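Trainee: Next comes work-v2.txt, compact mmCIF, C-alpha atoms:
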```
# COMPACT_ATOMS: atom_id res chain seq x y z
CA MET U 1 -23.10 5.67 27.69
CA ILE U 2 -21.75 2.58 25.98
CA SER U 3 -19.69 2.11 22.83
CA VAL U 4 -19.66 -1.41 21.45
CA CYS U 5 -16.61 -2.36 19.36
CA PHE U 6 -16.20 -5.32 17.04
CA PRO U 7 -12.64 -5.94 15.83
CA ALA U 8 -13.29 -7.69 12.51
CA LYS U 9 -11.61 -9.21 9.52
CA ASN U 10 -13.72 -11.04 6.96
CA GLU U 11 -16.66 -11.46 9.32
CA GLY U 12 -19.37 -10.83 6.72
CA LYS U 13 -21.33 -13.82 7.89
CA PHE U 14 -22.46 -12.49 11.27
CA ILE U 15 -21.46 -8.83 11.43
CA GLU U 16 -24.76 -7.39 10.23
CA ARG U 17 -26.76 -9.32 12.77
CA ASN U 18 -24.34 -8.57 15.60
CA VAL U 19 -24.23 -4.83 14.88
CA LYS U 20 -28.03 -4.73 14.85
CA VAL U 21 -28.23 -6.58 18.17
CA ALA U 22 -25.69 -4.24 19.75
CA ARG U 23 -27.46 -1.14 18.42
CA ARG U 24 -30.77 -2.05 19.94
CA THR U 25 -29.27 -2.72 23.37
CA PRO U 26 -30.26 -0.07 25.94
CA ASN U 27 -27.65 2.66 26.60
CA VAL U 28 -25.54 1.68 23.58
CA MET U 29 -24.78 5.00 21.87
CA GLU U 30 -22.69 3.66 19.01
CA VAL U 31 -21.38 0.49 17.44
CA ILE U 32 -17.91 0.58 15.93
CA VAL U 33 -16.42 -1.99 13.59
CA ILE U 34 -12.65 -1.80 13.44
CA ASP U 35 -11.72 -3.49 10.21
CA GLY U 36 -8.43 -5.31 9.84
CA GLY U 37 -8.44 -5.38 6.03
CA SER U 38 -11.50 -7.42 5.12
CA THR U 39 -11.81 -8.58 1.55
CA ASP U 40 -15.37 -9.86 1.90
CA ASN U 41 -18.55 -7.86 2.46
CA THR U 42 -17.89 -7.09 6.15
CA ILE U 43 -17.78 -3.31 5.65
CA LYS U 44 -20.86 -3.19 3.45
CA LYS U 45 -22.89 -5.26 5.89
CA ALA U 46 -21.67 -3.37 8.96
CA LEU U 47 -22.53 -0.02 7.35
CA LYS U 48 -25.92 -1.34 6.34
CA ALA U 49 -26.58 -2.30 9.94
CA GLY U 50 -25.64 1.19 11.12
CA ALA U 51 -22.09 0.72 12.44
CA HIS U 52 -19.35 3.31 12.35
CA ILE U 53 -16.31 2.01 10.52
CA VAL U 54 -12.69 2.75 11.21
CA TYR U 55 -9.79 0.83 9.78
CA GLN U 56 -6.92 -0.59 11.82
CA SER U 57 -4.02 1.90 11.73
CA ASP U 58 -1.70 -0.95 10.85
CA LEU U 59 -3.09 -3.89 8.88
CA LYS U 60 -0.62 -6.44 10.17
CA TYR U 61 -1.97 -9.88 11.13
CA PRO U 62 -2.55 -10.75 13.88
CA GLY U 63 -3.58 -7.23 14.79
CA LYS U 64 -6.42 -7.75 17.24
CA GLY U 65 -4.69 -5.55 19.79
CA ILE U 66 -4.21 -2.76 17.26
CA ALA U 67 -7.90 -2.94 16.41
CA MET U 68 -8.88 -2.82 20.07
CA ARG U 69 -6.59 0.11 20.81
CA ASP U 70 -7.97 1.99 17.79
CA GLY U 71 -11.50 1.20 18.94
CA VAL U 72 -10.84 2.75 22.35
CA TYR U 73 -9.58 5.96 20.75
CA TYR U 74 -12.51 6.09 18.34
CA ALA U 75 -15.16 5.40 20.97
CA ARG U 76 -17.13 8.29 22.46
CA GLY U 77 -18.80 6.34 25.24
CA SER U 78 -17.47 6.30 28.80
CA ILE U 79 -17.83 2.49 28.78
CA VAL U 80 -16.30 0.48 25.96
CA VAL U 81 -17.39 -3.08 25.21
CA PHE U 82 -15.43 -5.44 22.96
CA LEU U 83 -17.11 -8.42 21.40
CA ASP U 84 -15.85 -11.02 18.97
CA ALA U 85 -17.50 -10.44 15.61
CA ASP U 86 -18.07 -14.13 14.91
CA ILE U 87 -20.52 -14.84 17.74
CA LYS U 88 -23.49 -16.63 16.22
CA ASN U 89 -25.90 -16.12 19.10
CA LEU U 90 -25.16 -12.62 20.39
CA ASP U 91 -28.02 -11.03 22.24
CA SER U 92 -28.45 -7.83 24.21
CA SER U 93 -28.29 -9.65 27.54
CA MET U 94 -24.59 -10.43 26.92
CA ILE U 95 -23.83 -6.72 26.53
CA LEU U 96 -25.95 -5.79 29.52
CA SER U 97 -24.30 -8.48 31.67
CA LEU U 98 -20.87 -7.19 30.73
CA THR U 99 -21.67 -3.57 31.51
CA LYS U 100 -23.88 -3.96 34.57
CA PRO U 101 -21.06 -4.22 37.17
CA ILE U 102 -19.46 -1.07 35.71
CA VAL U 103 -22.72 0.87 35.61
CA ASN U 104 -23.33 -0.17 39.25
CA GLY U 105 -19.84 0.96 40.26
CA GLU U 106 -18.81 -2.57 41.24
CA ALA U 107 -16.08 -2.95 38.62
CA ASP U 108 -13.82 -0.97 36.30
CA PHE U 109 -13.20 -3.91 34.00
CA VAL U 110 -15.35 -6.96 33.29
CA LYS U 111 -14.25 -10.20 31.69
CA GLY U 112 -16.97 -12.25 30.07
CA ALA U 113 -16.98 -15.98 30.68
CA PHE U 114 -19.19 -18.12 28.53
CA GLY U 115 -20.75 -21.51 28.69
CA ARG U 116 -18.45 -23.65 26.66
CA LYS U 117 -15.23 -25.39 27.43
CA ALA U 118 -12.42 -22.88 27.68
CA GLY U 119 -10.18 -22.96 24.62
CA ARG U 120 -7.08 -25.03 24.15
CA VAL U 121 -4.69 -22.09 24.39
CA THR U 122 -6.44 -21.04 27.59
CA GLU U 123 -6.09 -24.45 29.24
CA LEU U 124 -2.65 -25.40 27.95
CA VAL U 125 -0.80 -22.08 27.90
CA ALA U 126 -2.56 -19.18 29.64
CA LYS U 127 -3.73 -20.92 32.80
CA PRO U 128 -0.45 -22.77 33.59
CA LEU U 129 1.59 -19.60 33.05
CA LEU U 130 -0.81 -17.49 35.10
CA ARG U 131 -0.63 -20.09 37.87
CA MET U 132 3.17 -19.76 37.87
CA PHE U 133 3.46 -15.98 37.67
CA TYR U 134 0.12 -14.45 38.58
CA PRO U 135 -1.67 -16.98 40.83
CA GLU U 136 -4.03 -14.18 41.90
CA LEU U 137 -5.59 -14.40 38.42
CA THR U 138 -6.16 -18.15 38.31
CA SER U 139 -9.71 -17.62 39.51
CA PHE U 140 -10.59 -16.35 36.04
CA SER U 141 -12.09 -19.25 34.14
CA GLN U 142 -11.49 -17.63 30.75
CA PRO U 143 -8.60 -15.17 30.91
CA LEU U 144 -8.43 -14.98 27.10
CA SER U 145 -12.07 -14.11 26.59
CA GLY U 146 -12.57 -11.46 23.92
CA GLU U 147 -15.87 -10.38 25.43
CA ILE U 148 -14.90 -7.57 27.78
CA ALA U 149 -16.10 -4.21 28.99
CA GLY U 150 -14.33 -1.41 30.79
CA LEU U 151 -14.24 2.26 31.48
CA LYS U 152 -12.66 4.04 28.55
CA SER U 153 -10.34 5.85 30.96
CA ILE U 154 -8.77 2.62 32.23
CA PHE U 155 -8.15 1.32 28.71
CA LEU U 156 -6.36 4.58 27.97
CA SER U 157 -4.11 4.03 30.97
CA VAL U 158 -2.45 0.87 29.61
CA SER U 159 -0.60 -0.19 26.46
CA PHE U 160 -2.20 -2.76 24.20
CA GLU U 161 -0.31 -5.77 22.91
CA GLU U 162 -0.75 -5.69 19.15
CA ASP U 163 -1.35 -9.41 18.65
CA TRP U 164 -3.25 -12.30 20.29
CA GLY U 165 -1.60 -11.40 23.59
CA VAL U 166 -3.88 -8.41 24.00
CA ASP U 167 -6.61 -10.01 26.12
CA VAL U 168 -4.37 -11.58 28.74
CA GLY U 169 -2.08 -8.53 28.61
CA LEU U 170 -4.99 -6.23 29.45
CA LEU U 171 -6.10 -8.50 32.28
CA ILE U 172 -2.65 -8.51 33.90
CA ASP U 173 -1.97 -4.80 33.32
CA LEU U 174 -5.32 -3.67 34.69
CA TYR U 175 -4.87 -5.99 37.67
CA ARG U 176 -1.37 -4.58 38.32
CA LYS U 177 -2.79 -1.06 38.26
CA GLY U 178 -5.28 -1.97 40.95
CA PHE U 179 -8.50 -1.60 38.98
CA LYS U 180 -11.56 -3.50 40.13
CA ILE U 181 -11.95 -6.56 37.88
CA VAL U 182 -14.74 -9.11 37.86
CA GLU U 183 -15.59 -12.09 35.68
CA ILE U 184 -19.22 -12.45 34.67
CA ASP U 185 -21.01 -15.39 33.10
CA ILE U 186 -22.51 -14.14 29.84
CA GLY U 187 -24.18 -17.39 28.89
CA PHE U 188 -23.52 -19.72 26.01
CA LYS U 189 -21.34 -18.42 23.20
CA ASP U 190 -21.70 -20.13 19.86
CA HIS U 191 -18.82 -19.51 17.49
CA ASP U 192 -16.42 -21.40 15.26
CA MET U 193 -13.21 -22.61 16.84
CA LYS U 194 -9.88 -22.47 15.08
CA PRO U 195 -8.24 -25.68 13.98
CA LEU U 196 -5.34 -26.78 16.17
CA TYR U 197 -2.63 -25.99 13.63
CA LEU U 198 -3.69 -22.33 13.63
CA LEU U 199 -3.20 -22.01 17.38
CA THR U 200 0.61 -22.06 17.53
CA ASP U 201 1.03 -18.34 16.89
CA MET U 202 -1.79 -17.52 19.27
CA ALA U 203 -0.23 -19.67 21.98
CA TYR U 204 3.13 -17.99 21.38
CA ASP U 205 1.65 -14.49 21.63
CA VAL U 206 -0.22 -15.36 24.83
CA ALA U 207 2.88 -16.90 26.40
CA LYS U 208 4.96 -13.88 25.37
CA ALA U 209 2.46 -11.43 26.85
CA ILE U 210 2.49 -13.22 30.23
CA LEU U 211 6.24 -13.81 30.33
CA THR U 212 7.00 -10.21 29.33
CA ARG U 213 5.00 -8.96 32.29
CA ALA U 214 6.59 -11.56 34.57
CA MET U 215 9.98 -10.26 33.50
CA MET U 216 8.91 -6.65 34.09
CA ASP U 217 7.72 -7.61 37.56
CA GLY U 218 11.05 -9.27 38.34
CA LYS U 219 9.64 -12.81 38.31
CA ILE U 220 11.92 -13.91 35.45
CA ASP U 221 15.41 -12.57 35.00
CA LYS U 222 15.90 -10.37 32.00
CA ILE U 223 18.80 -12.39 30.59
CA SER U 224 16.69 -15.56 30.32
CA TYR U 225 13.81 -13.55 28.92
CA ASP U 226 16.02 -12.04 26.23
CA LYS U 227 17.50 -15.44 25.46
CA TYR U 228 14.30 -17.47 25.22
CA ILE U 229 11.55 -15.04 24.34
CA LYS U 230 12.93 -12.14 22.39
CA ALA U 231 15.46 -14.31 20.56
CA ILE U 232 13.02 -16.88 19.19
CA PRO U 233 11.97 -15.12 15.99
CA GLU U 234 15.56 -14.25 15.13
CA GLU U 235 16.68 -17.82 15.73
CA ILE U 236 13.99 -19.12 13.42
CA GLY U 237 15.02 -16.53 10.84
CA GLU U 238 18.63 -17.68 11.07
CA PHE U 239 17.75 -21.35 10.77
CA LYS U 240 20.74 -23.35 9.50
CA MET Y 1 2.02 31.19 11.72
CA ARG Y 2 1.14 29.19 14.82
CA TYR Y 3 1.33 25.43 14.46
CA ILE Y 4 0.33 22.54 16.69
CA VAL Y 5 1.69 19.11 15.85
CA VAL Y 6 0.32 16.17 17.82
CA GLY Y 7 2.55 13.10 17.79
CA GLY Y 8 6.32 12.84 17.87
CA GLY Y 9 6.88 9.79 15.70
CA HIS Y 10 8.50 9.20 12.34
CA ILE Y 11 6.05 11.14 10.16
CA SER Y 12 5.91 14.04 12.62
CA GLN Y 13 9.67 14.42 12.39
CA PHE Y 14 9.42 15.12 8.67
CA ILE Y 15 6.39 17.37 9.12
CA LEU Y 16 8.33 19.41 11.68
CA ARG Y 17 11.37 19.62 9.42
CA THR Y 18 9.20 20.93 6.60
CA ILE Y 19 7.51 23.54 8.78
CA ALA Y 20 10.79 24.67 10.36
CA SER Y 21 12.53 25.05 6.99
CA SER Y 22 9.57 26.63 5.15
CA ASP Y 23 8.43 29.13 7.79
CA ARG Y 24 11.26 30.80 9.65
CA LYS Y 25 8.83 32.62 11.94
CA ALA Y 26 6.87 29.50 12.81
CA VAL Y 27 5.64 29.20 16.38
CA ILE Y 28 5.37 25.47 16.92
CA THR Y 29 3.90 23.46 19.78
CA ILE Y 30 4.55 19.73 19.87
CA ILE Y 31 2.19 17.54 21.87
CA GLU Y 32 3.31 14.05 22.77
CA ARG Y 33 2.36 11.40 25.27
CA SER Y 34 5.91 11.05 26.59
CA GLN Y 35 7.64 13.97 28.26
CA GLU Y 36 11.04 12.83 27.02
CA LYS Y 37 9.93 12.52 23.42
CA ALA Y 38 8.14 15.87 23.51
CA THR Y 39 11.12 17.65 25.03
CA VAL Y 40 13.76 16.11 22.76
CA THR Y 41 11.70 16.67 19.61
CA ALA Y 42 10.78 20.24 20.55
CA LYS Y 43 14.43 21.11 21.18
CA GLN Y 44 15.34 19.99 17.64
CA PHE Y 45 12.83 22.36 16.09
CA ASN Y 46 12.85 25.25 18.53
CA ALA Y 47 9.31 24.38 19.52
CA GLU Y 48 7.36 24.32 22.75
CA PRO Y 49 6.83 20.83 24.19
CA LEU Y 50 3.65 19.66 25.86
CA TRP Y 51 2.97 16.15 27.11
CA GLY Y 52 0.11 14.18 28.59
CA ASP Y 53 -3.09 12.42 27.70
CA LEU Y 54 -3.73 13.20 24.04
CA GLU Y 55 -7.40 12.34 24.50
CA ASN Y 56 -7.89 15.12 26.99
CA PRO Y 57 -9.05 18.42 25.41
CA LYS Y 58 -7.28 20.34 28.16
CA ILE Y 59 -3.94 19.65 26.54
CA LEU Y 60 -5.14 21.23 23.30
CA GLU Y 61 -6.33 24.26 25.24
CA LYS Y 62 -2.99 24.46 27.01
CA ALA Y 63 -1.41 24.57 23.55
CA ASN Y 64 -3.58 27.63 22.76
CA ILE Y 65 -5.47 25.84 20.02
CA SER Y 66 -7.94 28.73 19.77
CA ILE Y 67 -5.23 30.92 18.16
CA CYS Y 68 -3.61 28.14 16.15
CA ASP Y 69 -3.41 28.64 12.36
CA LEU Y 70 -2.51 25.11 11.36
CA PHE Y 71 -3.16 21.94 13.32
CA ILE Y 72 -1.61 18.60 12.39
CA ALA Y 73 -2.66 15.26 13.90
CA SER Y 74 0.10 12.80 13.10
CA THR Y 75 0.14 10.08 15.73
CA GLU Y 76 0.50 6.44 14.79
CA ILE Y 77 -3.14 5.83 15.74
CA ASP Y 78 -5.56 6.78 12.97
CA ALA Y 79 -8.59 6.71 15.25
CA LEU Y 80 -6.91 9.27 17.51
CA ASN Y 81 -5.94 11.44 14.54
CA ILE Y 82 -9.57 11.36 13.40
CA ARG Y 83 -10.83 12.49 16.80
CA LEU Y 84 -8.11 15.17 17.06
CA CYS Y 85 -8.98 16.60 13.63
CA GLU Y 86 -12.64 16.58 14.58
CA ALA Y 87 -11.95 18.54 17.78
CA ALA Y 88 -9.57 20.99 16.06
CA LYS Y 89 -12.04 21.80 13.31
CA ARG Y 90 -15.47 21.43 14.89
CA VAL Y 91 -14.81 22.43 18.51
CA TYR Y 92 -11.97 24.92 18.23
CA GLY Y 93 -12.48 26.15 14.65
CA VAL Y 94 -8.84 25.91 13.60
CA PRO Y 95 -8.62 27.46 10.11
CA PHE Y 96 -6.48 24.70 8.63
CA VAL Y 97 -6.41 21.11 9.84
CA ILE Y 98 -4.19 18.34 8.49
CA GLY Y 99 -4.73 14.70 9.38
CA VAL Y 100 -2.23 11.92 8.84
CA VAL Y 101 -3.52 8.45 8.03
CA ASN Y 102 -1.31 5.44 8.49
CA ASN Y 103 -3.90 3.32 6.70
CA PRO Y 104 -5.11 4.82 3.38
CA LEU Y 105 -8.56 3.32 4.02
CA ASN Y 106 -9.08 5.96 6.72
CA SER Y 107 -8.65 8.91 4.30
CA GLU Y 108 -12.34 9.51 3.74
CA ILE Y 109 -13.17 9.13 7.43
CA ILE Y 110 -10.62 11.69 8.58
CA LYS Y 111 -11.69 14.07 5.83
CA LYS Y 112 -15.31 13.85 6.95
CA ALA Y 113 -14.22 14.35 10.57
CA GLY Y 114 -12.69 17.74 9.76
CA ALA Y 115 -9.29 17.42 8.07
CA ASP Y 116 -8.86 19.98 5.30
CA ILE Y 117 -5.95 18.00 3.91
CA VAL Y 118 -5.18 14.34 4.39
CA LEU Y 119 -1.55 13.28 4.48
CA ASP Y 120 -1.60 9.73 3.21
CA PRO Y 121 1.98 8.60 2.59
CA ILE Y 122 1.10 5.01 1.73
CA GLY Y 123 -1.74 6.06 -0.56
CA LEU Y 124 0.57 8.41 -2.45
CA ALA Y 125 3.22 5.74 -2.80
CA LEU Y 126 0.60 3.32 -4.13
CA ARG Y 127 -0.44 5.82 -6.79
CA ILE Y 128 3.14 6.01 -7.98
CA LEU Y 129 3.25 2.21 -8.04
CA GLU Y 130 0.02 2.25 -10.02
CA LEU Y 131 1.61 4.65 -12.52
CA LYS Y 132 4.39 2.15 -13.06
CA VAL Y 133 2.27 -0.98 -13.40
CA LYS Y 134 -1.03 0.23 -14.89
CA ARG Y 135 -0.96 -0.12 -18.66
CA TYR Y 136 -3.70 2.39 -19.36
CA GLY Y 137 -6.26 4.46 -17.47
CA CYS Y 138 -6.24 7.35 -15.02
CA ILE Y 139 -3.81 7.46 -12.14
CA SER Y 140 -4.90 10.06 -9.63
CA ILE Y 141 -1.76 11.52 -8.02
CA LEU Y 142 -3.42 14.35 -6.08
CA LYS Y 143 -7.15 14.34 -5.43
CA GLU Y 144 -9.47 17.33 -5.29
CA ASP Y 145 -10.85 16.37 -1.89
CA GLU Y 146 -7.32 16.24 -0.51
CA CYS Y 147 -5.89 19.49 -1.80
CA GLY Y 148 -8.50 21.42 -3.78
CA PHE Y 149 -7.55 20.27 -7.27
CA ASN Y 150 -6.84 17.08 -9.18
CA PHE Y 151 -3.53 16.11 -10.65
CA SER Y 152 -3.90 12.97 -12.73
CA ILE Y 153 -1.73 11.10 -15.17
CA LEU Y 154 -3.52 9.41 -18.07
CA LYS Y 155 -2.18 6.46 -20.05
CA PHE Y 156 -3.85 5.36 -23.29
CA LYS Y 157 -4.20 2.12 -25.17
CA ASP Y 158 -5.53 3.81 -28.34
CA SER Y 159 -5.03 7.18 -29.94
CA THR Y 160 -7.64 9.74 -28.97
CA SER Y 161 -8.32 13.45 -29.19
CA ILE Y 162 -7.39 15.68 -26.29
CA VAL Y 163 -10.45 17.23 -24.66
CA LYS Y 164 -10.09 20.85 -23.62
CA ASN Y 165 -12.27 22.93 -21.35
CA GLU Y 166 -11.88 25.71 -18.79
CA ASN Y 167 -11.49 23.34 -15.88
CA ILE Y 168 -8.67 21.19 -17.20
CA LYS Y 169 -5.09 22.02 -18.18
CA ILE Y 170 -3.17 19.34 -20.01
CA ILE Y 171 0.49 18.65 -20.77
CA LEU Y 172 1.24 15.95 -23.31
CA ILE Y 173 4.35 13.87 -22.65
CA ARG Y 174 5.72 11.94 -25.62
CA ASN Y 175 8.91 9.92 -25.35
CA GLY Y 176 9.59 11.50 -21.98
CA LYS Y 177 9.37 15.09 -23.24
CA PRO Y 178 6.59 17.71 -23.41
CA ALA Y 179 5.02 17.72 -26.88
CA GLU Y 180 2.40 19.69 -28.83
CA ASP Y 181 -0.43 17.73 -30.44
CA ASP Y 182 -4.21 17.55 -30.36
CA VAL Y 183 -4.19 13.77 -30.50
CA VAL Y 184 -2.54 11.34 -28.09
CA ALA Y 185 -0.96 8.13 -29.35
CA ARG Y 186 -0.42 4.82 -27.61
CA GLY Y 187 2.44 5.21 -25.09
CA ASP Y 188 1.84 8.93 -24.56
CA LEU Y 189 1.18 10.32 -21.11
CA LEU Y 190 -1.15 13.19 -20.33
CA LEU Y 191 -0.65 15.24 -17.20
CA ALA Y 192 -4.04 16.70 -16.35
CA ILE Y 193 -4.63 19.37 -13.71
CA GLY Y 194 -8.02 20.77 -12.83
CA SER Y 195 -11.12 20.50 -10.75
CA GLY Y 196 -14.84 19.95 -10.73
CA LYS Y 197 -17.27 17.89 -12.72
CA GLU Y 198 -15.91 19.11 -16.05
CA PHE Y 199 -12.47 17.79 -15.17
CA ASN Y 200 -13.84 14.32 -14.45
CA GLU Y 201 -15.99 14.35 -17.60
CA ALA Y 202 -13.03 15.36 -19.79
CA VAL Y 203 -10.91 12.57 -18.32
CA LYS Y 204 -13.67 10.00 -18.85
CA LYS Y 205 -14.19 11.15 -22.42
CA MET Y 206 -10.52 10.86 -23.30
CA LEU Y 207 -10.33 7.41 -21.73
CA LYS Y 208 -13.57 6.49 -23.52
CA GLU Y 209 -15.11 5.30 -20.26
```
Show how you would write the structure in this file as structure tokens.
Mentor:
Amino acid sequence: MISVCFPAKNEGKFIERNVKVARRTPNVMEVIVIDGGSTDNTIKKALKAGAHIVYQSDLKYPGKGIAMRDGVYYARGSIVVFLDADIKNLDSSMILSLTKPIVNGEADFVKGAFGRKAGRVTELVAKPLLRMFYPELTSFSQPLSGEIAGLKSIFLSVSFEEDWGVDVGLLIDLYRKGFKIVEIDIGFKDHDMKPLYLLTDMAYDVAKAILTRAMMDGKIDKISYDKYIKAIPEEIGEFK
Amino acid sequence: MRYIVVGGGHISQFILRTIASSDRKAVITIIERSQEKATVTAKQFNAEPLWGDLENPKILEKANISICDLFIASTEIDALNIRLCEAAKRVYGVPFVIGVVNNPLNSEIIKKAGADIVLDPIGLALRILELKVKRYGCISILKEDECGFNFSILKFKDSTSIVKNENIKIILIRNGKPAEDDVVARGDLLLAIGSGKEFNEAVKKMLKE
């Protein structure tokens, strides 16, 4: 059975519709909205549509990874699907496409790829770094996609990055553990894109998630990692 | 009493200290994901360590949850604490279940899942902050659904008569000291303890809500 999770913060615009779509998808046993501290009507609308609500254990922003981790622990289904809450054109076929390879035993983890240009952080940060350190994963057209599905048991076997690094972190960690991963085309995804100036933190988190794993795998030496990655926030804090 | 504490983090450390110092005959089992953390923490409190997948009910059974008197879910993940409280209460029928919430917004959810008492450190701290900054109104320090009775502090903008009934006990604080009067004045504090509908009605009446 399938649990569908929507990490959400101030997504009142589309959450009701998306929860309803997910609920009427075959084999979906529950829809969970993990709220990251919404101040709009997200909760009210999600409840109205029949979602279960749980709040992020830690309301820090960005906390997408915290929300996803909490969603895995809250879910009762053996398959857990994560979808972005701001999709304007979600339909049941997206959920069914994501879960089909798992139901058929062809995959443990499915990444959804969608019919729009991959994002700027994907093209300019994730893909170049993956090409350098994990060339085996360059075949994924959208490694940062938030539309994913997996067996609950495999999600419980890895640690979640708390921030925007969660999606690429999961991809690398599940790959390193030898789980079967496939990328599936889930059609056209209509959603708002962030303005460029809001992408710096996201790009940083994605780069950090990849470089941290590269360091753990011995592809970057720890001294350089400590100097250039871990030290950055402190250096900014000590700006003179 | 037999205790099971799930989670070996910051809050659990204080929970374990409290149990160990309040119940000298306590039989405590600590369940943690990491073997090292479980072992080190258990040693501190003369407890039995268990480690493994906290999602797996087998670990609760290994901890003899069926004869546990008090179960505490205090991991850093609220969703996990909710599911643990649910299992302890609904599946294993533990007589007393305590759930920790790291986010106060999860209090109601964990209560509904099966926690008899919710430990909500941030929520409690916020009530104390409210007491400091709220000029008048009711500040609920302990709530009936958390511990079986209400303990509220009332601040007034106007003088009003103290309402008395069987379900509310009141202490008037004037200039920082307990005082005797049937009427509160601006600046007075009322400490109100009680339960039930009558308690809430008395509070509303005094606050003229």
Trainee: Quote the spacing between CA of Asp221 in chain U and CA of Met132 in chain U in Å to one decimal place.
Mentor: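 CA of Met132 in chain U lies 14.5 Å from CA of Asp221 in chain U.
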Trainee: For a quick test of understanding: name the residues of chain U lying within 8 Å of chain Y when counting only C-alpha atoms, and present them as JSON, numbers by chain.
Mentor: {"U": [54, 55, 56, 57, 58, 59, 70, 71, 73, 74]}
Trainee: One decimal, in Å: what's the spacing between CA of Gly105 in chain U and CA of Lys189 in chain U?
Mentor: 25.9 Å
Trainee: Asp145 in chain Y: which residues within 10 Å, counting all atoms listed in the file, same-chain residues fewer than 5 positions away excluded, as a PyMOL selection string?
Mentor: chain Y and resi 107-108+111+116-118+150+195
Trainee: Counting all atoms listed in the file, which of U:Ile87, U:Leu124, U:Met68, U:Val80 gets nearest to Glu162 in chain U?
Mentor: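 Smallest separation from Glu162 in chain U among the options: U:Met68.
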Trainee: Could you check how far CA of Lys20 in chain U sits from CA of Phe188 in chain U, in Å to one decimal?
Mentor: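 These atoms are spaced 19.2 Å apart.
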Trainee: Neighbouring residues of Ile148 in chain U were defined as those with any atom within 7 Å, considering all atoms listed in the file; residues of the same chain fewer than 4 positions away were excluded. Please report them as a PyMOL selection string.
Mentor: chain U and resi 81-83+98+110-112
Trainee: Applying 12 Å and only C-alpha atoms, which residues near Pro101 in chain U remain after dropping the ones on its own chain fewer than 3 positions away? List them as JSON, numbers by chain.
Mentor: {"U": [79, 95, 96, 97, 98, 104, 105, 106, 107, 108, 109, 110, 111, 112, 148, 149, 150, 151, 180, 181, 182, 183, 184, 185]}
Trainee: Name the closest residue to Val94 in chain Y among the candidates Y:Leu60, Y:Ala26, Y:Ile193, Y:Ile162; distances are taken between atoms, counting only C-alpha atoms.
Mentor: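 Ranked by minimum distance to Val94 in chain Y, first place goes to Y:Leu60.
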Trainee: Under the rule that all atoms listed in the file are counted, which of Y:Ile141, Y:Leu129, Y:Val6, Y:Ile72 is the nearest residue to Ala115 in chain Y?
Mentor: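 Closest candidate: Y:Ile72.
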Trainee: Determine the nearest neighbour of Ile59 in chain Y from the options Y:Lys43, Y:Asp158, Y:Ile4, Y:Val100, counting all atoms listed in the file.
Mentor: Y:Ile4
Trainee: I'd like the contact shell of range 139-145 of chain U - 6 Å cut-off, all atoms listed in the file, skipping same-chain residues fewer than 4 positions apart - returned as a list in words.
Mentor: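 Answer for this query is Ala113, Asp167 and Val168 of chain U.
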Trainee: Looking at Y:Val5, Y:Val163, Y:Ala179, Y:Ile31, which one is nearest to Ile98 in chain Y, with distances taken over only C-alpha atoms?
Mentor: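 Closest to Ile98 in chain Y of all the choices is Y:Val5.
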Trainee: For each of U:Met202, U:Met193, U:Ala22, U:Leu211, take the minimum atom-to-atom distance to Ile172 in chain U, counting all atoms listed in the file, then give the residue where this is smallest.
Mentor: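 Nearest to Ile172 in chain U: U:Leu211.
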Trainee: Which polymer residues have any atom within 10 Å of an atom of Ala42 in chain Y, counting only C-alpha atoms, with same-chain residues fewer than 4 positions away left out, as a list in words?
Mentor: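 Residues near the query, excluding close chain neighbours: Gly8, Leu16, Ile28, Thr29, Ile30, Ile31, Glu32, Glu36, Lys37, Ala38, Asn46, Ala47, Glu48, Pro49 and Leu50 of chain Y.
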